[in-house]
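Trainee: Sharing a structure below in structure tokens format, with a few things to ask.
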Amino acid sequence: MATMMEDEVFMAFTTYAAIVILKMLVMAPMTAFFRFSRGAFANEEDVALKPSEERKKLLRSHPDVERVRRCHQNDLENIVPFVLIGLLYALTGPELSAALLHFRVFAGSRILHTITYIGALPQPSRALSWIVGVLVTFSMAYRVLSKVLVL
């Protein structure tokens, strides 16, 4: 384990995995911010201390809250596989330059995806940033399988 922490590829993976995981974690407080600022809550206990009439108005969905939630969901669907595949990829001993390219492009694509999603930028900006991240994950998976495939 100590030698793994000295490996440049593993350290690079750890760095970029931490960046995208932190980005994903920021989405939860961002959702809460949008819920409070837009007055749109999903659960009755969230508005239990409010008067009855106000509770009815606050228990609703709001397009801005839903947009942030969908962005967060998309992070979960893409960052978790990247972390798992990326770890396996880092363990196969790839060239540092190739690994850095994979890790940096993925992290950049996820940050850009969030900006385009939350900012409601016109398509195909969000779709392109998403597909780039997916292609990076598939590229790492291919390299893992081609290196260690045992059936």
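Starting from 1 in every chain, residues are counted up; chains themselves are A, B, ... following the order of the structure tokens, and ligands are numbered from 1 as listed.
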Considering only C-alpha atoms, return as an mmCIF file with all heavy atoms, in the first residue's frame whatever protein or nucleic-acid residues lie within 10 Å of Thr114 (chain A), sequence-local ones (same chain, fewer than 2 positions apart) excluded.
Mentor:
```cif
data_model
loop_
_atom_site.group_PDB
_atom_site.id
_atom_site.type_symbol
_atom_site.label_atom_id
_atom_site.label_comp_id
_atom_site.auth_asym_id
_atom_site.auth_seq_id
_atom_site.Cartn_x
_atom_site.Cartn_y
_atom_site.Cartn_z
ATOM 1 N N LYS A 23 -16.794 17.707 -6.117
ATOM 2 C CA LYS A 23 -17.744 18.405 -6.978
ATOM 3 C C LYS A 23 -19.135 17.805 -6.826
ATOM 4 O O LYS A 23 -20.132 18.504 -6.713
ATOM 5 C CB LYS A 23 -17.284 18.340 -8.439
ATOM 6 C CG LYS A 23 -18.086 19.218 -9.373
ATOM 7 C CD LYS A 23 -18.427 18.515 -10.655
ATOM 8 C CE LYS A 23 -19.653 17.732 -10.704
ATOM 9 N NZ LYS A 23 -20.890 18.270 -10.231
ATOM 10 N N MET A 24 -19.186 16.475 -6.780
ATOM 11 C CA MET A 24 -20.464 15.790 -6.615
ATOM 12 C C MET A 24 -21.069 16.095 -5.237
ATOM 13 O O MET A 24 -22.280 16.308 -5.123
ATOM 14 C CB MET A 24 -20.268 14.284 -6.785
ATOM 15 C CG MET A 24 -21.537 13.475 -6.671
ATOM 16 S SD MET A 24 -21.289 11.720 -7.048
ATOM 17 C CE MET A 24 -20.130 11.227 -5.789
ATOM 18 N N MET A 27 -23.098 19.264 -4.755
ATOM 19 C CA MET A 27 -24.448 19.314 -5.326
ATOM 20 C C MET A 27 -25.537 19.190 -4.260
ATOM 21 O O MET A 27 -26.628 19.747 -4.432
ATOM 22 C CB MET A 27 -24.620 18.226 -6.393
ATOM 23 C CG MET A 27 -23.672 18.354 -7.572
ATOM 24 S SD MET A 27 -23.693 19.962 -8.370
ATOM 25 C CE MET A 27 -25.311 19.942 -9.084
ATOM 26 N N VAL A 68 -31.066 21.026 -10.498
ATOM 27 C CA VAL A 68 -29.901 20.704 -9.673
ATOM 28 C C VAL A 68 -29.944 19.232 -9.264
ATOM 29 O O VAL A 68 -28.917 18.551 -9.275
ATOM 30 C CB VAL A 68 -29.830 21.624 -8.431
ATOM 31 C CG1 VAL A 68 -28.687 21.214 -7.516
ATOM 32 C CG2 VAL A 68 -29.661 23.069 -8.848
ATOM 33 N N CYS A 71 -28.874 17.103 -12.148
ATOM 34 C CA CYS A 71 -27.425 17.227 -12.331
ATOM 35 C C CYS A 71 -26.695 16.352 -11.306
ATOM 36 O O CYS A 71 -25.736 15.655 -11.647
ATOM 37 C CB CYS A 71 -27.011 18.688 -12.197
ATOM 38 S SG CYS A 71 -25.264 18.985 -12.546
ATOM 39 N N HIS A 72 -27.167 16.374 -10.072
ATOM 40 C CA HIS A 72 -26.580 15.555 -9.017
ATOM 41 C C HIS A 72 -26.750 14.069 -9.347
ATOM 42 O O HIS A 72 -25.814 13.273 -9.188
ATOM 43 C CB HIS A 72 -27.232 15.897 -7.679
ATOM 44 C CG HIS A 72 -26.532 15.320 -6.496
ATOM 45 N ND1 HIS A 72 -27.041 15.407 -5.241
ATOM 46 C CD2 HIS A 72 -25.366 14.643 -6.367
ATOM 47 C CE1 HIS A 72 -26.226 14.814 -4.385
ATOM 48 N NE2 HIS A 72 -25.203 14.333 -5.048
ATOM 49 N N ASN A 74 -27.020 12.764 -12.273
ATOM 50 C CA ASN A 74 -26.115 12.465 -13.375
ATOM 51 C C ASN A 74 -24.683 12.276 -12.864
ATOM 52 O O ASN A 74 -23.953 11.408 -13.342
ATOM 53 C CB ASN A 74 -26.188 13.574 -14.434
ATOM 54 C CG ASN A 74 -25.511 13.169 -15.710
ATOM 55 O OD1 ASN A 74 -24.298 13.254 -15.820
ATOM 56 N ND2 ASN A 74 -26.301 12.728 -16.676
ATOM 57 N N ASP A 75 -24.290 13.081 -11.873
ATOM 58 C CA ASP A 75 -22.974 12.894 -11.259
ATOM 59 C C ASP A 75 -22.849 11.503 -10.653
ATOM 60 O O ASP A 75 -21.835 10.827 -10.830
ATOM 61 C CB ASP A 75 -22.741 13.933 -10.153
ATOM 62 C CG ASP A 75 -22.232 15.254 -10.681
ATOM 63 O OD1 ASP A 75 -21.875 15.341 -11.867
ATOM 64 O OD2 ASP A 75 -22.177 16.208 -9.878
ATOM 65 N N GLY A 108 -12.547 17.606 -16.170
ATOM 66 C CA GLY A 108 -12.984 18.798 -16.908
ATOM 67 C C GLY A 108 -14.367 18.634 -17.499
ATOM 68 O O GLY A 108 -15.184 19.557 -17.457
ATOM 69 N N SER A 109 -14.642 17.451 -18.030
ATOM 70 C CA SER A 109 -15.956 17.225 -18.639
ATOM 71 C C SER A 109 -17.063 17.278 -17.595
ATOM 72 O O SER A 109 -18.153 17.785 -17.858
ATOM 73 C CB SER A 109 -15.995 15.894 -19.396
ATOM 74 O OG SER A 109 -16.062 14.795 -18.510
ATOM 75 N N ARG A 110 -16.799 16.759 -16.387
ATOM 76 C CA ARG A 110 -17.827 16.773 -15.337
ATOM 77 C C ARG A 110 -18.049 18.191 -14.809
ATOM 78 O O ARG A 110 -19.183 18.582 -14.523
ATOM 79 C CB ARG A 110 -17.459 15.836 -14.189
ATOM 80 C CG ARG A 110 -17.502 14.373 -14.517
ATOM 81 C CD ARG A 110 -18.727 13.933 -15.284
ATOM 82 N NE ARG A 110 -19.964 14.235 -14.585
ATOM 83 C CZ ARG A 110 -21.175 14.078 -15.095
ATOM 84 N NH1 ARG A 110 -21.333 13.607 -16.316
ATOM 85 N NH2 ARG A 110 -22.245 14.371 -14.394
ATOM 86 N N ILE A 111 -16.994 18.961 -14.678
ATOM 87 C CA ILE A 111 -17.149 20.354 -14.236
ATOM 88 C C ILE A 111 -17.903 21.135 -15.301
ATOM 89 O O ILE A 111 -18.841 21.886 -14.988
ATOM 90 C CB ILE A 111 -15.776 20.969 -13.916
ATOM 91 C CG1 ILE A 111 -15.197 20.298 -12.660
ATOM 92 C CG2 ILE A 111 -15.880 22.480 -13.738
ATOM 93 C CD1 ILE A 111 -13.731 20.578 -12.415
ATOM 94 N N LEU A 112 -17.528 20.951 -16.558
ATOM 95 C CA LEU A 112 -18.234 21.620 -17.649
ATOM 96 C C LEU A 112 -19.689 21.166 -17.721
ATOM 97 O O LEU A 112 -20.595 21.974 -17.961
ATOM 98 C CB LEU A 112 -17.517 21.358 -18.977
ATOM 99 C CG LEU A 112 -18.052 22.103 -20.189
ATOM 100 C CD1 LEU A 112 -17.977 23.614 -19.971
ATOM 101 C CD2 LEU A 112 -17.279 21.707 -21.428
ATOM 102 N N THR A 116 -22.877 23.660 -17.589
ATOM 103 C CA THR A 116 -23.876 23.720 -18.660
ATOM 104 C C THR A 116 -25.260 23.316 -18.169
ATOM 105 O O THR A 116 -26.263 23.859 -18.626
ATOM 106 C CB THR A 116 -23.473 22.831 -19.854
ATOM 107 O OG1 THR A 116 -23.349 21.473 -19.422
ATOM 108 C CG2 THR A 116 -22.174 23.302 -20.472
ATOM 109 N N TYR A 117 -25.320 22.377 -17.220
ATOM 110 C CA TYR A 117 -26.612 21.920 -16.703
ATOM 111 C C TYR A 117 -27.252 22.982 -15.820
ATOM 112 O O TYR A 117 -28.400 23.383 -16.032
ATOM 113 C CB TYR A 117 -26.429 20.618 -15.912
ATOM 114 C CG TYR A 117 -27.610 19.680 -15.992
ATOM 115 C CD1 TYR A 117 -27.418 18.317 -16.119
ATOM 116 C CD2 TYR A 117 -28.917 20.136 -15.928
ATOM 117 C CE1 TYR A 117 -28.479 17.435 -16.192
ATOM 118 C CE2 TYR A 117 -29.989 19.261 -15.997
ATOM 119 C CZ TYR A 117 -29.761 17.918 -16.123
ATOM 120 O OH TYR A 117 -30.819 17.051 -16.199
ATOM 121 N N ILE A 118 -26.522 23.464 -14.826
ATOM 122 C CA ILE A 118 -27.069 24.455 -13.898
ATOM 123 C C ILE A 118 -27.327 25.773 -14.615
ATOM 124 O O ILE A 118 -28.315 26.456 -14.347
ATOM 125 C CB ILE A 118 -26.129 24.665 -12.693
ATOM 126 C CG1 ILE A 118 -25.877 23.348 -11.952
ATOM 127 C CG2 ILE A 118 -26.677 25.719 -11.734
ATOM 128 C CD1 ILE A 118 -27.108 22.655 -11.440
ATOM 129 N N GLY A 119 -26.457 26.118 -15.540
ATOM 130 C CA GLY A 119 -26.628 27.363 -16.290
ATOM 131 C C GLY A 119 -27.628 27.270 -17.420
ATOM 132 O O GLY A 119 -27.905 28.265 -18.083
ATOM 133 N N ALA A 120 -28.186 26.089 -17.640
ATOM 134 C CA ALA A 120 -29.162 25.847 -18.708
ATOM 135 C C ALA A 120 -28.642 26.355 -20.058
ATOM 136 O O ALA A 120 -29.376 26.981 -20.826
ATOM 137 C CB ALA A 120 -30.507 26.474 -18.370
ATOM 138 N N ARG A 126 -24.250 20.462 -23.056
ATOM 139 C CA ARG A 126 -24.342 19.500 -21.957
ATOM 140 C C ARG A 126 -24.117 18.081 -22.473
ATOM 141 O O ARG A 126 -23.392 17.298 -21.865
ATOM 142 C CB ARG A 126 -25.693 19.622 -21.257
ATOM 143 C CG ARG A 126 -25.777 18.770 -20.000
ATOM 144 C CD ARG A 126 -27.103 18.954 -19.293
ATOM 145 N NE ARG A 126 -28.131 18.148 -19.927
ATOM 146 C CZ ARG A 126 -29.293 18.600 -20.387
ATOM 147 N NH1 ARG A 126 -29.593 19.861 -20.295
ATOM 148 N NH2 ARG A 126 -30.160 17.789 -20.942
ATOM 149 N N SER A 129 -20.389 17.488 -23.181
ATOM 150 C CA SER A 129 -19.578 17.340 -21.969
ATOM 151 C C SER A 129 -19.857 15.993 -21.299
ATOM 152 O O SER A 129 -18.947 15.372 -20.751
ATOM 153 C CB SER A 129 -19.816 18.503 -21.005
ATOM 154 O OG SER A 129 -21.161 18.568 -20.601
ATOM 155 N N TRP A 130 -21.094 15.525 -21.373
ATOM 156 C CA TRP A 130 -21.437 14.217 -20.802
ATOM 157 C C TRP A 130 -20.769 13.092 -21.590
ATOM 158 O O TRP A 130 -20.145 12.202 -21.004
ATOM 159 C CB TRP A 130 -22.962 14.045 -20.793
ATOM 160 C CG TRP A 130 -23.376 12.661 -20.427
ATOM 161 C CD1 TRP A 130 -23.431 12.125 -19.171
ATOM 162 C CD2 TRP A 130 -23.755 11.610 -21.335
ATOM 163 N NE1 TRP A 130 -23.834 10.799 -19.244
ATOM 164 C CE2 TRP A 130 -24.035 10.467 -20.554
ATOM 165 C CE3 TRP A 130 -23.887 11.533 -22.708
ATOM 166 C CZ2 TRP A 130 -24.449 9.269 -21.118
ATOM 167 C CZ3 TRP A 130 -24.294 10.337 -23.272
ATOM 168 C CH2 TRP A 130 -24.572 9.222 -22.473
#
```
Trainee: Which residues are close to Arg104 (chain A), i.e. within 12 Å by only C-alpha atoms, leaving aside same-chain residues fewer than 3 positions away? Reply as a PyMOL selection string.
Mentor: chain A and resi 12-17+19-20+82+86+96-101+107-112+132-133+136-137
Trainee: Mind dumping the selected residues with N, CA, C and O atoms as a short mmCIF file (atom, residue, chain, number, x, y, z; two decimals), in the first residue's frame?
Mentor:
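Listing of result.cif after writing:
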```cif
data_model
loop_
_atom_site.label_atom_id
_atom_site.label_comp_id
_atom_site.auth_asym_id
_atom_site.auth_seq_id
_atom_site.Cartn_x
_atom_site.Cartn_y
_atom_site.Cartn_z
N ALA A 12 -2.08 10.65 -9.13
CA ALA A 12 -2.88 11.45 -10.06
C ALA A 12 -4.34 11.02 -10.01
O ALA A 12 -5.24 11.86 -9.95
N PHE A 13 -4.58 9.71 -10.02
CA PHE A 13 -5.94 9.20 -9.92
C PHE A 13 -6.60 9.70 -8.64
O PHE A 13 -7.73 10.17 -8.65
N THR A 14 -5.89 9.58 -7.52
CA THR A 14 -6.43 10.01 -6.24
C THR A 14 -6.79 11.49 -6.27
O THR A 14 -7.85 11.89 -5.78
N THR A 15 -5.95 12.29 -6.86
CA THR A 15 -6.20 13.74 -6.97
C THR A 15 -7.48 14.02 -7.75
O THR A 15 -8.37 14.74 -7.27
N TYR A 16 -7.58 13.45 -8.94
CA TYR A 16 -8.74 13.75 -9.78
C TYR A 16 -10.02 13.08 -9.28
O TYR A 16 -11.11 13.63 -9.43
N ALA A 17 -9.89 11.91 -8.67
CA ALA A 17 -11.06 11.27 -8.06
C ALA A 17 -11.58 12.15 -6.92
O ALA A 17 -12.80 12.35 -6.80
N ILE A 19 -11.25 15.36 -6.63
CA ILE A 19 -11.84 16.58 -7.22
C ILE A 19 -13.28 16.32 -7.67
O ILE A 19 -14.18 17.08 -7.34
N VAL A 20 -13.49 15.24 -8.43
CA VAL A 20 -14.85 15.01 -8.94
C VAL A 20 -15.81 14.55 -7.83
O VAL A 20 -17.00 14.86 -7.88
N PHE A 82 -16.55 6.10 -12.82
CA PHE A 82 -15.21 6.62 -13.10
C PHE A 82 -14.25 6.25 -11.97
O PHE A 82 -13.12 5.82 -12.22
N GLY A 86 -11.47 3.85 -12.81
CA GLY A 86 -10.20 4.58 -12.72
C GLY A 86 -9.22 3.93 -11.76
O GLY A 86 -8.02 3.90 -12.01
N LEU A 96 2.04 7.51 -17.38
CA LEU A 96 1.55 8.67 -16.64
C LEU A 96 0.84 9.67 -17.56
O LEU A 96 -0.23 10.19 -17.21
N SER A 97 1.39 9.92 -18.72
CA SER A 97 0.79 10.90 -19.63
C SER A 97 -0.60 10.46 -20.09
O SER A 97 -1.53 11.28 -20.15
N ALA A 98 -0.76 9.19 -20.38
CA ALA A 98 -2.08 8.67 -20.80
C ALA A 98 -3.06 8.73 -19.64
O ALA A 98 -4.23 9.11 -19.82
N ALA A 99 -2.60 8.37 -18.46
CA ALA A 99 -3.47 8.40 -17.29
C ALA A 99 -3.91 9.83 -16.98
O ALA A 99 -5.10 10.09 -16.72
N LEU A 100 -2.96 10.75 -17.00
CA LEU A 100 -3.30 12.16 -16.74
C LEU A 100 -4.31 12.68 -17.75
O LEU A 100 -5.22 13.43 -17.39
N LEU A 101 -4.13 12.30 -19.01
CA LEU A 101 -5.08 12.72 -20.03
C LEU A 101 -6.48 12.21 -19.69
O LEU A 101 -7.45 12.97 -19.72
N ALA A 107 -12.40 14.90 -15.42
CA ALA A 107 -12.72 15.94 -14.43
C ALA A 107 -13.21 17.21 -15.12
O ALA A 107 -14.21 17.82 -14.69
N GLY A 108 -12.55 17.61 -16.17
CA GLY A 108 -12.98 18.80 -16.91
C GLY A 108 -14.37 18.63 -17.50
O GLY A 108 -15.18 19.56 -17.46
N SER A 109 -14.64 17.45 -18.03
CA SER A 109 -15.96 17.23 -18.64
C SER A 109 -17.06 17.28 -17.59
O SER A 109 -18.15 17.79 -17.86
N ARG A 110 -16.80 16.76 -16.39
CA ARG A 110 -17.83 16.77 -15.34
C ARG A 110 -18.05 18.19 -14.81
O ARG A 110 -19.18 18.58 -14.52
N ILE A 111 -16.99 18.96 -14.68
CA ILE A 111 -17.15 20.35 -14.24
C ILE A 111 -17.90 21.14 -15.30
O ILE A 111 -18.84 21.89 -14.99
N LEU A 112 -17.53 20.95 -16.56
CA LEU A 112 -18.23 21.62 -17.65
C LEU A 112 -19.69 21.17 -17.72
O LEU A 112 -20.59 21.97 -17.96
N VAL A 132 -18.17 13.07 -23.49
CA VAL A 132 -16.71 13.04 -23.33
C VAL A 132 -16.34 12.27 -22.06
O VAL A 132 -15.45 11.41 -22.08
N GLY A 133 -17.04 12.54 -20.96
CA GLY A 133 -16.77 11.82 -19.72
C GLY A 133 -17.05 10.34 -19.84
O GLY A 133 -16.29 9.50 -19.35
N VAL A 136 -14.31 8.65 -21.84
CA VAL A 136 -13.09 8.47 -21.03
C VAL A 136 -13.23 7.23 -20.15
O VAL A 136 -12.30 6.41 -20.07
N THR A 137 -14.37 7.07 -19.50
CA THR A 137 -14.59 5.90 -18.65
C THR A 137 -14.54 4.61 -19.46
O THR A 137 -13.91 3.63 -19.05
#
```
Trainee: So which one's closest to His113 (chain A), A:Val148, A:Ala90, A:Leu128, A:Glu6? Using only C-alpha atoms, please.
Mentor: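 Once distances to His113 (chain A) are computed over only C-alpha atoms, the minimum belongs to A:Leu128.
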Trainee: Expressed in Å to a single decimal, how great is the separation between CA of Val83 (chain A) and CA of Met140 (chain A)?
Mentor: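 Between CA of Val83 (chain A) and CA of Met140 (chain A) the gap is 10.7 Å.
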Trainee: Please determine, counting only C-alpha atoms, which residue among A:Val134, A:Ile115, A:Met30, A:Leu145 has the shortest atom-to-atom distance to Ile79 (chain A).
Mentor: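 Once distances to Ile79 (chain A) are computed over only C-alpha atoms, the minimum belongs to A:Val134.
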Trainee: Kindly give the distance, in Å, that separates CA of Phe41 (chain A) and CA of Leu121 (chain A), rounded to a single decimal.
Mentor: 25.4 Å
Trainee: What does the structure give for the distance between CA of Ser61 (chain A) and CA of Ala40 (chain A), in Å to one decimal?
Mentor: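 That distance, rounded to one decimal, is 5.6 Å.
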Trainee: Could you please write out, as JSON, numbers by chain, every residue of chain A that DSSP assigns to alpha helix (DSSP H)?
Mentor: {"A": [2, 3, 4, 5, 6, 8, 9, 10, 11, 12, 13, 14, 15, 16, 17, 18, 19, 20, 21, 22, 23, 24, 25, 26, 27, 28, 29, 30, 31, 32, 33, 34, 35, 36, 37, 38, 52, 53, 54, 55, 56, 57, 58, 63, 64, 65, 66, 67, 68, 69, 70, 71, 72, 73, 74, 75, 76, 77, 78, 79, 80, 81, 82, 83, 84, 85, 86, 87, 88, 89, 90, 91, 96, 97, 98, 99, 100, 101, 102, 103, 104, 105, 106, 107, 108, 109, 110, 111, 112, 113, 114, 115, 116, 117, 118, 125, 126, 127, 128, 129, 130, 131, 132, 133, 134, 135, 136, 137, 138, 139, 140, 141, 142, 143, 144, 145, 146, 147, 148]}
Trainee: Excluding same-chain residues fewer than 2 positions from Leu58 (chain A), what lies within 10 Å of it counting only C-alpha atoms, as a list in words?
Mentor: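 Close residues of Leu58 (chain A): Arg35, Phe36, Arg38, Gly39, Ala40, Phe41, Ala42, Asn43, Glu44, Asp46, Val47, Lys50, Glu53, Glu54, Arg55, Lys56, Arg60, Ser61 and His62 of chain A.
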